[in-house]
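Engineer: Got a file for you: entry_22.cif, mmCIF, C-alpha atoms.
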data_structure
#
loop_
_atom_site.label_atom_id
_atom_site.label_comp_id
_atom_site.auth_asym_id
_atom_site.auth_seq_id
_atom_site.Cartn_x
_atom_site.Cartn_y
_atom_site.Cartn_z
CA MET J 1 16.88 6.88 67.16
CA SER J 2 14.31 5.06 65.05
CA PRO J 3 15.60 3.15 62.03
CA ASP J 4 14.05 5.82 59.77
CA ILE J 5 15.97 8.63 61.47
CA GLN J 6 19.16 6.59 61.37
CA GLN J 7 18.66 6.10 57.65
CA VAL J 8 18.00 9.81 57.12
CA LYS J 9 21.16 10.73 59.01
CA GLN J 10 23.27 8.25 57.07
CA GLY J 11 21.87 9.71 53.88
CA MET J 12 22.64 13.27 55.00
CA LYS J 13 26.21 12.30 55.91
CA ALA J 14 26.68 10.80 52.44
CA VAL J 15 25.23 13.92 50.81
CA TRP J 16 27.56 16.32 52.63
CA GLU J 17 30.57 14.07 52.03
CA ALA J 18 29.85 14.05 48.29
CA GLY J 19 31.58 16.59 46.09
CA ASP J 20 34.00 19.02 47.73
CA PHE J 21 32.17 21.60 49.84
CA GLY J 22 35.48 23.32 50.51
CA GLN J 23 35.27 24.74 46.98
CA ILE J 24 31.91 26.33 47.83
CA ALA J 25 32.94 27.47 51.32
CA ALA J 26 36.03 29.23 49.96
CA ARG J 27 33.73 31.64 48.12
CA MET J 28 31.80 32.50 51.28
CA THR J 29 34.60 33.31 53.71
CA ALA J 30 34.10 37.08 53.69
CA ASN J 31 30.45 36.77 54.69
CA ALA J 32 31.34 34.25 57.42
CA GLU J 33 34.03 36.53 58.83
CA ALA J 34 31.55 39.42 58.86
CA PHE J 35 29.05 37.26 60.76
CA VAL J 36 31.67 36.31 63.36
CA GLY J 37 32.72 39.94 63.66
CA ARG J 38 29.29 41.29 64.49
CA ILE J 39 27.85 38.73 66.93
CA GLY J 40 29.89 39.96 69.89
CA LEU J 41 32.49 37.25 70.50
CA LYS J 42 35.50 38.18 72.59
CA ALA J 43 38.90 36.68 73.31
CA GLY J 44 38.71 33.81 75.79
CA ASP J 45 35.13 32.82 74.95
CA LYS J 46 34.46 29.10 74.65
CA VAL J 47 32.78 28.74 71.25
CA LEU J 48 31.10 25.77 69.58
CA ASP J 49 30.61 25.88 65.81
CA VAL J 50 27.86 23.39 64.98
CA ALA J 51 27.90 21.88 61.47
CA CYS J 52 31.17 23.73 61.00
CA GLY J 53 31.97 22.56 57.49
CA THR J 54 35.52 23.57 56.61
CA GLY J 55 35.74 26.11 59.44
CA ASN J 56 34.37 29.32 57.94
CA LEU J 57 33.17 30.47 61.38
CA ALA J 58 35.50 28.52 63.64
CA ILE J 59 38.74 29.79 62.14
CA PRO J 60 37.99 33.54 62.35
CA ALA J 61 36.65 32.99 65.90
CA ALA J 62 39.91 31.24 66.84
CA ARG J 63 41.84 34.08 65.24
CA MET J 64 40.02 36.44 67.63
CA GLY J 65 41.38 34.48 70.60
CA CYS J 66 38.34 32.31 71.30
CA GLU J 67 38.66 28.70 72.46
CA VAL J 68 36.91 27.02 69.55
CA THR J 69 35.46 23.58 68.91
CA GLY J 70 33.88 22.69 65.58
CA VAL J 71 31.70 19.67 64.89
CA ASP J 72 30.32 18.35 61.61
CA ILE J 73 28.63 15.19 60.43
CA ALA J 74 30.88 14.94 57.36
CA ALA J 75 34.30 13.42 58.03
CA ASN J 76 35.92 14.95 54.94
CA LEU J 77 34.84 18.46 55.95
CA VAL J 78 36.25 17.97 59.45
CA ALA J 79 39.54 16.88 57.86
CA GLN J 80 39.57 19.97 55.65
CA ALA J 81 38.87 22.21 58.64
CA ARG J 82 41.80 20.71 60.55
CA GLN J 83 44.11 21.19 57.57
CA ARG J 84 42.93 24.74 57.06
CA ALA J 85 43.45 25.68 60.71
CA GLN J 86 46.97 24.26 60.60
CA ARG J 87 47.69 26.09 57.36
CA GLU J 88 46.41 29.39 58.76
CA GLY J 89 48.23 28.94 62.07
CA VAL J 90 45.21 28.99 64.38
CA LYS J 91 44.26 26.60 67.17
CA ALA J 92 40.84 24.96 67.01
CA ASP J 93 39.51 21.50 67.79
CA PHE J 94 37.50 19.86 65.00
CA GLN J 95 35.64 16.60 65.41
CA GLU J 96 32.84 14.60 63.86
CA GLY J 97 29.54 15.28 65.57
CA ASP J 98 25.78 15.39 65.20
CA ALA J 99 23.85 18.64 65.74
CA GLU J 100 21.05 16.58 67.28
CA ALA J 101 23.33 14.82 69.79
CA LEU J 102 26.17 17.15 70.77
CA ALA J 103 28.82 15.33 72.81
CA PHE J 104 29.23 18.09 75.41
CA ALA J 105 27.92 18.70 78.91
CA ASP J 106 25.15 21.16 79.67
CA ASN J 107 26.18 24.81 80.10
CA THR J 108 29.61 24.43 78.47
CA PHE J 109 29.95 27.21 75.88
CA ASP J 110 29.80 31.00 75.97
CA ALA J 111 28.61 30.94 72.36
CA VAL J 112 27.07 28.28 70.12
CA ILE J 113 27.19 29.35 66.49
CA THR J 114 26.15 27.85 63.16
CA MET J 115 26.02 29.20 59.62
CA PHE J 116 23.98 27.37 56.97
CA GLY J 117 24.64 24.19 58.95
CA ALA J 118 22.44 23.16 61.86
CA MET J 119 19.40 24.24 59.84
CA PHE J 120 19.81 21.04 57.77
CA ALA J 121 19.50 18.62 60.72
CA PRO J 122 16.31 16.60 60.21
CA ARG J 123 14.58 17.30 63.57
CA PRO J 124 14.60 21.05 64.28
CA ASP J 125 13.10 20.73 67.76
CA VAL J 126 15.88 18.33 68.80
CA THR J 127 18.51 20.56 67.22
CA ALA J 128 17.20 23.65 69.01
CA LYS J 129 17.28 21.87 72.36
CA GLU J 130 20.89 20.81 71.80
CA LEU J 131 22.04 24.28 70.74
CA VAL J 132 20.51 25.81 73.87
CA ARG J 133 21.48 22.94 76.19
CA VAL J 134 25.23 23.24 75.66
CA ALA J 135 25.24 27.05 75.98
CA LYS J 136 26.02 28.57 79.37
CA PRO J 137 23.28 30.53 81.17
CA GLY J 138 23.31 33.91 79.48
CA GLY J 139 25.25 32.41 76.58
CA LEU J 140 24.75 33.26 72.93
CA ILE J 141 23.15 31.05 70.30
CA ALA J 142 23.76 32.58 66.86
CA MET J 143 22.46 31.11 63.61
CA ALA J 144 22.53 32.04 59.92
CA ASN J 145 19.68 30.34 58.07
CA TRP J 146 18.62 30.67 54.42
CA THR J 147 15.14 32.15 54.05
CA PRO J 148 12.40 30.36 52.10
CA GLU J 149 11.62 33.46 50.04
CA GLY J 150 15.26 34.15 49.15
CA PHE J 151 17.32 32.83 46.25
CA VAL J 152 18.63 29.74 48.07
CA GLY J 153 15.10 28.96 49.25
CA ALA J 154 14.07 28.98 45.59
CA MET J 155 16.89 26.54 44.82
CA PHE J 156 15.66 24.26 47.63
CA LYS J 157 12.16 24.25 46.13
CA LEU J 158 13.50 23.49 42.67
CA ASN J 159 15.65 20.61 43.88
CA ALA J 160 12.72 19.21 45.88
CA LYS J 161 10.60 19.26 42.71
CA TYR J 162 12.99 16.75 41.15
CA VAL J 163 14.22 14.90 44.26
CA PRO J 164 11.67 15.13 47.09
CA PRO J 165 13.10 15.12 50.64
CA PRO J 166 12.36 12.22 53.03
CA GLU J 167 8.67 12.08 53.92
CA GLY J 168 7.76 14.18 56.93
CA MET J 169 11.07 16.06 57.01
CA PRO J 170 10.47 19.83 57.31
CA SER J 171 12.19 22.17 54.89
CA PRO J 172 15.49 23.50 56.27
CA ALA J 173 14.41 26.96 55.09
CA GLN J 174 11.76 27.09 57.82
CA TRP J 175 14.65 28.06 60.09
CA GLY J 176 14.77 31.24 57.99
CA ILE J 177 11.29 32.34 59.11
CA PRO J 178 11.69 34.72 62.09
CA ALA J 179 8.63 33.50 64.00
CA THR J 180 9.56 29.84 63.49
CA ALA J 181 13.17 30.29 64.60
CA GLU J 182 12.01 32.18 67.69
CA GLU J 183 9.34 29.60 68.54
CA ARG J 184 11.83 26.73 68.28
CA LEU J 185 14.55 28.39 70.34
CA ARG J 186 12.19 29.66 73.04
CA ALA J 187 10.64 26.20 73.34
CA ALA J 188 14.19 24.87 73.81
CA GLY J 189 14.84 27.29 76.69
CA ALA J 190 16.13 30.51 75.13
CA ARG J 191 14.97 33.55 77.11
CA SER J 192 15.38 36.06 74.28
CA VAL J 193 15.49 35.79 70.49
CA GLU J 194 16.03 38.48 67.88
CA SER J 195 16.66 38.25 64.16
CA LYS J 196 17.36 40.29 61.05
CA LYS J 197 17.70 39.55 57.35
CA VAL J 198 21.16 39.77 55.78
CA ILE J 199 22.46 39.29 52.23
CA ASN J 200 25.19 36.86 51.24
CA VAL J 201 26.54 37.80 47.80
CA PHE J 202 27.35 34.88 45.50
CA ASP J 203 30.05 36.07 43.12
CA PHE J 204 31.40 33.79 40.39
CA PRO J 205 33.74 34.84 37.56
CA PHE J 206 31.73 32.86 35.02
CA GLY J 207 28.19 32.67 33.70
CA PRO J 208 25.09 30.97 35.14
CA ARG J 209 25.59 27.76 33.15
CA GLN J 210 29.08 27.36 34.59
CA VAL J 211 27.75 28.14 38.08
CA VAL J 212 25.33 25.23 37.76
CA GLU J 213 28.18 22.95 36.69
CA PHE J 214 30.30 24.23 39.58
CA PHE J 215 27.59 23.32 42.10
CA ARG J 216 26.93 20.05 40.33
CA GLU J 217 30.57 19.07 40.75
CA TYR J 218 31.35 20.41 44.21
CA PHE J 219 28.12 20.91 46.22
CA GLY J 220 27.09 17.59 47.74
CA PRO J 221 23.29 18.13 47.74
CA THR J 222 23.32 19.20 44.08
CA LYS J 223 25.69 16.42 43.05
CA VAL J 224 23.57 13.77 44.78
CA ALA J 225 20.32 15.20 43.38
CA PHE J 226 21.62 14.88 39.81
CA SER J 227 22.88 11.36 40.48
CA LYS J 228 19.33 10.24 41.30
CA LEU J 229 17.89 11.40 37.96
CA ASP J 230 17.95 9.90 34.50
CA ALA J 231 19.64 11.80 31.67
CA ALA J 232 16.48 13.61 30.54
CA LYS J 233 15.62 14.81 34.05
CA GLN J 234 19.23 15.87 34.62
CA ARG J 235 19.00 18.12 31.56
CA GLU J 236 15.70 19.57 32.78
CA LEU J 237 17.04 20.30 36.26
CA ALA J 238 20.22 21.85 34.83
CA GLN J 239 18.17 24.09 32.54
CA GLU J 240 15.87 25.21 35.36
CA LEU J 241 18.79 25.91 37.67
CA GLU J 242 20.57 27.90 34.98
CA ALA J 243 17.38 29.91 34.36
CA LEU J 244 17.08 30.62 38.10
CA TRP J 245 20.67 31.88 38.35
CA ALA J 246 20.25 33.93 35.17
CA LYS J 247 16.99 35.48 36.42
CA HIS J 248 18.61 36.69 39.65
CA ASN J 249 21.99 37.58 38.15
CA ARG J 250 22.85 41.28 38.52
CA GLY J 251 26.25 40.77 36.93
CA THR J 252 26.94 39.99 33.27
CA ALA J 253 26.65 36.99 31.01
CA ASP J 254 30.19 35.99 32.03
CA HIS J 255 30.12 37.12 35.66
CA THR J 256 27.38 35.85 37.97
CA VAL J 257 26.45 38.00 40.98
CA VAL J 258 23.39 36.89 42.96
CA ASP J 259 22.09 38.04 46.34
CA GLY J 260 21.22 35.21 48.72
CA GLU J 261 19.06 36.31 51.65
CA TYR J 262 19.45 34.69 55.05
CA LEU J 263 18.12 35.22 58.55
CA GLU J 264 20.64 36.05 61.25
CA VAL J 265 19.28 34.84 64.58
CA ARG J 266 20.70 35.69 68.00
CA ALA J 267 19.30 34.09 71.13
CA ARG J 268 20.28 34.18 74.78
CA LYS J 269 19.86 31.31 77.20
#
In structure tokens, how does this file's structure come out?
Structural biologist:
Amino acid sequence: MSPDIQQVKQGMKAVWEAGDFGQIAARMTANAEAFVGRIGLKAGDKVLDVACGTGNLAIPAARMGCEVTGVDIAANLVAQARQRAQREGVKADFQEGDAEALAFADNTFDAVITMFGAMFAPRPDVTAKELVRVAKPGGLIAMANWTPEGFVGAMFKLNAKYVPPPEGMPSPAQWGIPATAEERLRAAGARSVESKKVINVFDFPFGPRQVVEFFREYFGPTKVAFSKLDAAKQRELAQELEALWAKHNRGTADHTVVDGEYLEVRARK
């Protein structure tokens, strides 16, 4: 890796280790379980969850009888995943790992899965090659990627307005464009790619202002973005984020319900 890429990766690790993503992930378990339930896993499958976070995909896959390994760049999320698996009585192996340099042999897994995870790795072409490389011939590569035109894509754009990403780094939301996801995976060796758009419902029992504070406290990227701004810019970003949540809220003033669109991608090696 070049020094620049090393620096980017160190920065990304620090971002995802900031806050407590487990608080965010806990509110997305139902959607993750639905994703696992519809991608066609079966008992006995060897499954790799890339950028596994606190185990939202890995744990339901293990519960189905799959032999599951989860990898994530953030040490604290790996620790939470291990604790959660133990607490829920399921067997899964969690370890620190890089989506761009998976520590597994070629043709190892029946399924390689990732939800709102591998899309954030800085070099999508390298990531795609790794996802396909470690899958067995005929194996499944399944991704869930936020779309650029959806609500989370709008949040990405707003954050980038205040804290621009590293120069030359493509937006993670490009993985949510069907043609782009297909082009990347086919170039990496996938023989078939299909995708569809799905909605993740964000549901918080408090208003948009409190949602912004919740993300500011617990969501690493938001927490780090605010930390890089002076007090005036922090107020501006908070106001714009609150306005965005309020605009898309189909709940009430004290109950925020927002639809977050993502692209579900399924490829075969």
Engineer: Go through the shown structure with the PyMOL selection byres ((chain J and resi 153-160) around 8) and write out the matching residues as a ChimeraX atom specification.
Structural biologist: /J:146-152,161-165,173,222,225,237,240-241,244
Engineer: Might you pull out every residue within 6 Å of Arg133 in chain J, with all atoms listed in the file counted and same-chain residues fewer than 3 positions away left off, and present them as an NGL selection string?
Structural biologist: :J and (106 or 129-130)
Engineer: I'd like the contact shell of Phe94 in chain J - 7 Å cut-off, all atoms listed in the file, skipping same-chain residues fewer than 5 positions apart - returned as a PyMOL selection string.
Structural biologist: chain J and resi 69-71+78+81-82
Engineer: Hey, can you spit out that residue selection with C-alpha atoms as a short mmCIF file (atom, residue, chain, number, x, y, z; two decimals), in the frame of the given file?
Structural biologist:
data_model
loop_
_atom_site.label_atom_id
_atom_site.label_comp_id
_atom_site.auth_asym_id
_atom_site.auth_seq_id
_atom_site.Cartn_x
_atom_site.Cartn_y
_atom_site.Cartn_z
CA THR J 69 35.46 23.58 68.91
CA GLY J 70 33.88 22.69 65.58
CA VAL J 71 31.70 19.67 64.89
CA VAL J 78 36.25 17.97 59.45
CA ALA J 81 38.87 22.21 58.64
CA ARG J 82 41.80 20.71 60.55
#
Engineer: Between CA of Thr108 in chain J and CA of Gly40 in chain J, what is the spacing in Å?
Structural biologist: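 About the pair CA of Gly40 in chain J and CA of Thr108 in chain J: they are 17.7 Å apart.
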Engineer: Distance table requested - range 94-212 of chain J against range 56-68 of chain J, cut-off 12 Å, all atoms listed in the file: one row per qualifying residue with the closest atom pair and its distance in Å to one decimal, ordered by chain and rising residue number, as a tab-separated table.
Structural biologist:
residue	atom	partner	partner_atom	distance
J:Phe94	CA	J:Val68	CA	8.5
J:Gln95	CA	J:Val68	CA	11.3
J:Thr108	CA	J:Glu67	CA	11.7
J:Phe109	CA	J:Val68	CA	9.4
J:Asp110	CA	J:Glu67	CA	9.8
J:Ala111	CA	J:Val68	CA	9.6
J:Val112	CA	J:Val68	CA	9.9
J:Ile113	CA	J:Leu57	CA	7.9
J:Thr114	CA	J:Leu57	CA	7.7
J:Met115	CA	J:Leu57	CA	7.5
J:Phe116	CA	J:Asn56	CA	10.6
J:Gly117	CA	J:Leu57	CA	10.9
J:Ala142	CA	J:Leu57	CA	11.1
J:Met143	CA	J:Leu57	CA	11.0
J:Ala144	CA	J:Leu57	CA	10.9
Engineer: To one decimal place in Å, what is the distance between CA of Ala135 in chain J and CA of Pro122 in chain J?
Structural biologist: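 We find that CA of Ala135 in chain J and CA of Pro122 in chain J lie 20.9 Å from each other.
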Engineer: Between CA of Val211 in chain J and CA of Asp254 in chain J, what is the distance, to one decimal in Å?
Structural biologist: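 Distance reported for this atom pair: 10.2 Å.
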Engineer: Which residues of range 72-108 of chain J come within 12 Å of range 17-38 of chain J, and what is each one's closest atom pair and distance in Å (one decimal), counting all atoms listed in the file, sorted by chain and residue number, as CSV?
Structural biologist:
residue,atom,partner,partner_atom,distance
J:Asp72,CA,J:Glu17,CA,10.5
J:Ile73,CA,J:Glu17,CA,8.7
J:Ala74,CA,J:Glu17,CA,5.4
J:Ala75,CA,J:Glu17,CA,7.1
J:Asn76,CA,J:Glu17,CA,6.2
J:Leu77,CA,J:Glu17,CA,7.3
J:Val78,CA,J:Glu17,CA,10.1
J:Ala79,CA,J:Gly22,CA,10.6
J:Gln80,CA,J:Gly22,CA,7.4
J:Ala81,CA,J:Gly22,CA,8.9
J:Gln83,CA,J:Gly22,CA,11.4
J:Arg84,CA,J:Gly22,CA,10.0
Engineer: Pick the closest to Lys197 in chain J from J:Leu140, J:Leu263, J:Ala85, J:Val134: which is it, counting only C-alpha atoms?
Structural biologist: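 Closest to Lys197 in chain J, using only C-alpha atoms: J:Leu263.
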Engineer: So what does the PyMOL selection byres ((chain J and resi 198) around 8) actually pick up in this one, as a list in words?
Structural biologist: Lys196, Lys197, Ile199, Asn200, Glu261, Tyr262, Leu263 and Glu264 of chain J
Engineer: Please determine, counting all atoms listed in the file, which residue among J:His248, J:Lys223, J:Lys9, J:Arg235 has the shortest atom-to-atom distance to Gly260 in chain J.
Structural biologist: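 Comparing J:His248, J:Lys223, J:Lys9, J:Arg235 against Gly260 in chain J, the winner is J:His248.
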Engineer: Name the closest residue to Gly53 in chain J among the candidates J:Thr180, J:Val8, J:Ala118, J:Asn249; distances are taken between atoms, counting all atoms listed in the file.
Structural biologist: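 Of J:Thr180, J:Val8, J:Ala118, J:Asn249, the one nearest Gly53 in chain J is J:Ala118, counting all atoms listed in the file.
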Engineer: Can you list, as a PyMOL selection string, the residues that the PyMOL selection byres ((chain J and resi 4) around 12) selects here?
Structural biologist: chain J and resi 1-3+5-11+122+166-169
Engineer: Between J:Met12, J:Val212, J:Val193, J:Val126, which residue has the minimum interatomic distance to Gln234 in chain J, considering all atoms listed in the file?
Structural biologist: J:Val212
Engineer: Which of these, J:Phe204, J:Val50, J:Ala243, J:Gln210, has the shortest distance to Val132 in chain J once you count all atoms listed in the file?
Structural biologist: J:Val50
Engineer: Using only C-alpha atoms, can you tell me which of J:Asp49, J:Asp98, J:Glu182, J:Asp125 comes closest to Glu194 in chain J?
Structural biologist: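 Using only C-alpha atoms, the shortest distance to Glu194 in chain J belongs to J:Glu182.
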Engineer: Please fill the gaps in range 4-35 of chain J so it has N, CA and C atoms, and write that as a PDB file, in the coordinates of the input.
Structural biologist:
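Listing of part_34.pdb after writing:
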ATOM      1  N   ASP J   4      14.265   4.820  60.820  1.00  0.00           N
ATOM      2  CA  ASP J   4      14.050   5.820  59.770  1.00  0.00           C
ATOM      3  C   ASP J   4      14.978   7.010  59.959  1.00  0.00           C
ATOM      4  N   ILE J   5      15.098   7.490  61.197  1.00  0.00           N
ATOM      5  CA  ILE J   5      15.970   8.630  61.470  1.00  0.00           C
ATOM      6  C   ILE J   5      17.427   8.255  61.223  1.00  0.00           C
ATOM      7  N   GLN J   6      17.799   7.055  61.619  1.00  0.00           N
ATOM      8  CA  GLN J   6      19.160   6.590  61.370  1.00  0.00           C
ATOM      9  C   GLN J   6      19.456   6.593  59.869  1.00  0.00           C
ATOM     10  N   GLN J   7      18.484   6.141  59.095  1.00  0.00           N
ATOM     11  CA  GLN J   7      18.660   6.100  57.650  1.00  0.00           C
ATOM     12  C   GLN J   7      18.774   7.504  57.069  1.00  0.00           C
ATOM     13  N   VAL J   8      17.946   8.417  57.571  1.00  0.00           N
ATOM     14  CA  VAL J   8      18.000   9.810  57.120  1.00  0.00           C
ATOM     15  C   VAL J   8      19.374  10.407  57.414  1.00  0.00           C
ATOM     16  N   LYS J   9      19.863  10.169  58.625  1.00  0.00           N
ATOM     17  CA  LYS J   9      21.160  10.730  59.010  1.00  0.00           C
ATOM     18  C   LYS J   9      22.293  10.149  58.179  1.00  0.00           C
ATOM     19  N   GLN J  10      22.251   8.856  57.916  1.00  0.00           N
ATOM     20  CA  GLN J  10      23.270   8.250  57.070  1.00  0.00           C
ATOM     21  C   GLN J  10      23.237   8.850  55.671  1.00  0.00           C
ATOM     22  N   GLY J  11      22.014   9.090  55.191  1.00  0.00           N
ATOM     23  CA  GLY J  11      21.870   9.710  53.880  1.00  0.00           C
ATOM     24  C   GLY J  11      22.417  11.126  53.857  1.00  0.00           C
ATOM     25  N   MET J  12      22.148  11.892  54.930  1.00  0.00           N
ATOM     26  CA  MET J  12      22.640  13.270  55.000  1.00  0.00           C
ATOM     27  C   MET J  12      24.167  13.290  55.072  1.00  0.00           C
ATOM     28  N   LYS J  13      24.746  12.383  55.824  1.00  0.00           N
ATOM     29  CA  LYS J  13      26.210  12.300  55.910  1.00  0.00           C
ATOM     30  C   LYS J  13      26.796  12.041  54.527  1.00  0.00           C
ATOM     31  N   ALA J  14      26.189  11.115  53.784  1.00  0.00           N
ATOM     32  CA  ALA J  14      26.680  10.800  52.440  1.00  0.00           C
ATOM     33  C   ALA J  14      26.550  12.000  51.507  1.00  0.00           C
ATOM     34  N   VAL J  15      25.442  12.743  51.656  1.00  0.00           N
ATOM     35  CA  VAL J  15      25.230  13.920  50.810  1.00  0.00           C
ATOM     36  C   VAL J  15      26.317  14.964  51.049  1.00  0.00           C
ATOM     37  N   TRP J  16      26.599  15.265  52.321  1.00  0.00           N
ATOM     38  CA  TRP J  16      27.560  16.320  52.630  1.00  0.00           C
ATOM     39  C   TRP J  16      29.001  15.870  52.396  1.00  0.00           C
ATOM     40  N   GLU J  17      29.230  14.564  52.341  1.00  0.00           N
ATOM     41  CA  GLU J  17      30.570  14.070  52.030  1.00  0.00           C
ATOM     42  C   GLU J  17      30.793  13.937  50.525  1.00  0.00           C
ATOM     43  N   ALA J  18      29.718  14.084  49.742  1.00  0.00           N
ATOM     44  CA  ALA J  18      29.850  14.050  48.290  1.00  0.00           C
ATOM     45  C   ALA J  18      30.436  15.378  47.801  1.00  0.00           C
ATOM     46  N   GLY J  19      31.021  15.359  46.635  1.00  0.00           N
ATOM     47  CA  GLY J  19      31.580  16.590  46.090  1.00  0.00           C
ATOM     48  C   GLY J  19      32.766  17.079  46.915  1.00  0.00           C
ATOM     49  N   ASP J  20      32.924  18.393  46.947  1.00  0.00           N
ATOM     50  CA  ASP J  20      34.000  19.020  47.730  1.00  0.00           C
ATOM     51  C   ASP J  20      33.479  20.373  48.199  1.00  0.00           C
ATOM     52  N   PHE J  21      32.797  20.370  49.355  1.00  0.00           N
ATOM     53  CA  PHE J  21      32.170  21.600  49.840  1.00  0.00           C
ATOM     54  C   PHE J  21      33.197  22.703  50.100  1.00  0.00           C
ATOM     55  N   GLY J  22      34.445  22.312  50.301  1.00  0.00           N
ATOM     56  CA  GLY J  22      35.480  23.320  50.510  1.00  0.00           C
ATOM     57  C   GLY J  22      35.564  24.309  49.368  1.00  0.00           C
ATOM     58  N   GLN J  23      35.262  23.855  48.143  1.00  0.00           N
ATOM     59  CA  GLN J  23      35.270  24.740  46.980  1.00  0.00           C
ATOM     60  C   GLN J  23      34.161  25.792  47.084  1.00  0.00           C
ATOM     61  N   ILE J  24      33.023  25.396  47.637  1.00  0.00           N
ATOM     62  CA  ILE J  24      31.910  26.330  47.830  1.00  0.00           C
ATOM     63  C   ILE J  24      32.225  27.266  48.995  1.00  0.00           C
ATOM     64  N   ALA J  25      32.674  26.690  50.100  1.00  0.00           N
ATOM     65  CA  ALA J  25      32.940  27.470  51.320  1.00  0.00           C
ATOM     66  C   ALA J  25      33.979  28.552  51.079  1.00  0.00           C
ATOM     67  N   ALA J  26      34.954  28.257  50.220  1.00  0.00           N
ATOM     68  CA  ALA J  26      36.030  29.230  49.960  1.00  0.00           C
ATOM     69  C   ALA J  26      35.484  30.519  49.364  1.00  0.00           C
ATOM     70  N   ARG J  27      34.322  30.450  48.730  1.00  0.00           N
ATOM     71  CA  ARG J  27      33.730  31.640  48.120  1.00  0.00           C
ATOM     72  C   ARG J  27      32.766  32.362  49.065  1.00  0.00           C
ATOM     73  N   MET J  28      32.712  31.893  50.313  1.00  0.00           N
ATOM     74  CA  MET J  28      31.800  32.500  51.280  1.00  0.00           C
ATOM     75  C   MET J  28      32.521  32.943  52.549  1.00  0.00           C
ATOM     76  N   THR J  29      33.843  32.993  52.498  1.00  0.00           N
ATOM     77  CA  THR J  29      34.600  33.310  53.710  1.00  0.00           C
ATOM     78  C   THR J  29      34.371  34.736  54.190  1.00  0.00           C
ATOM     79  N   ALA J  30      34.262  35.684  53.273  1.00  0.00           N
ATOM     80  CA  ALA J  30      34.100  37.080  53.690  1.00  0.00           C
ATOM     81  C   ALA J  30      32.807  37.272  54.465  1.00  0.00           C
ATOM     82  N   ASN J  31      31.728  36.649  54.000  1.00  0.00           N
ATOM     83  CA  ASN J  31      30.450  36.770  54.690  1.00  0.00           C
ATOM     84  C   ASN J  31      30.510  36.096  56.061  1.00  0.00           C
ATOM     85  N   ALA J  32      31.200  34.946  56.134  1.00  0.00           N
ATOM     86  CA  ALA J  32      31.340  34.250  57.420  1.00  0.00           C
ATOM     87  C   ALA J  32      32.141  35.072  58.412  1.00  0.00           C
ATOM     88  N   GLU J  33      33.220  35.683  57.943  1.00  0.00           N
ATOM     89  CA  GLU J  33      34.030  36.530  58.830  1.00  0.00           C
ATOM     90  C   GLU J  33      33.234  37.731  59.319  1.00  0.00           C
ATOM     91  N   ALA J  34      32.398  38.295  58.451  1.00  0.00           N
ATOM     92  CA  ALA J  34      31.550  39.420  58.860  1.00  0.00           C
ATOM     93  C   ALA J  34      30.558  38.991  59.936  1.00  0.00           C
ATOM     94  N   PHE J  35      29.986  37.806  59.773  1.00  0.00           N
ATOM     95  CA  PHE J  35      29.050  37.260  60.760  1.00  0.00           C
ATOM     96  C   PHE J  35      29.737  37.106  62.120  1.00  0.00           C
TER      97      PHE J  35
END
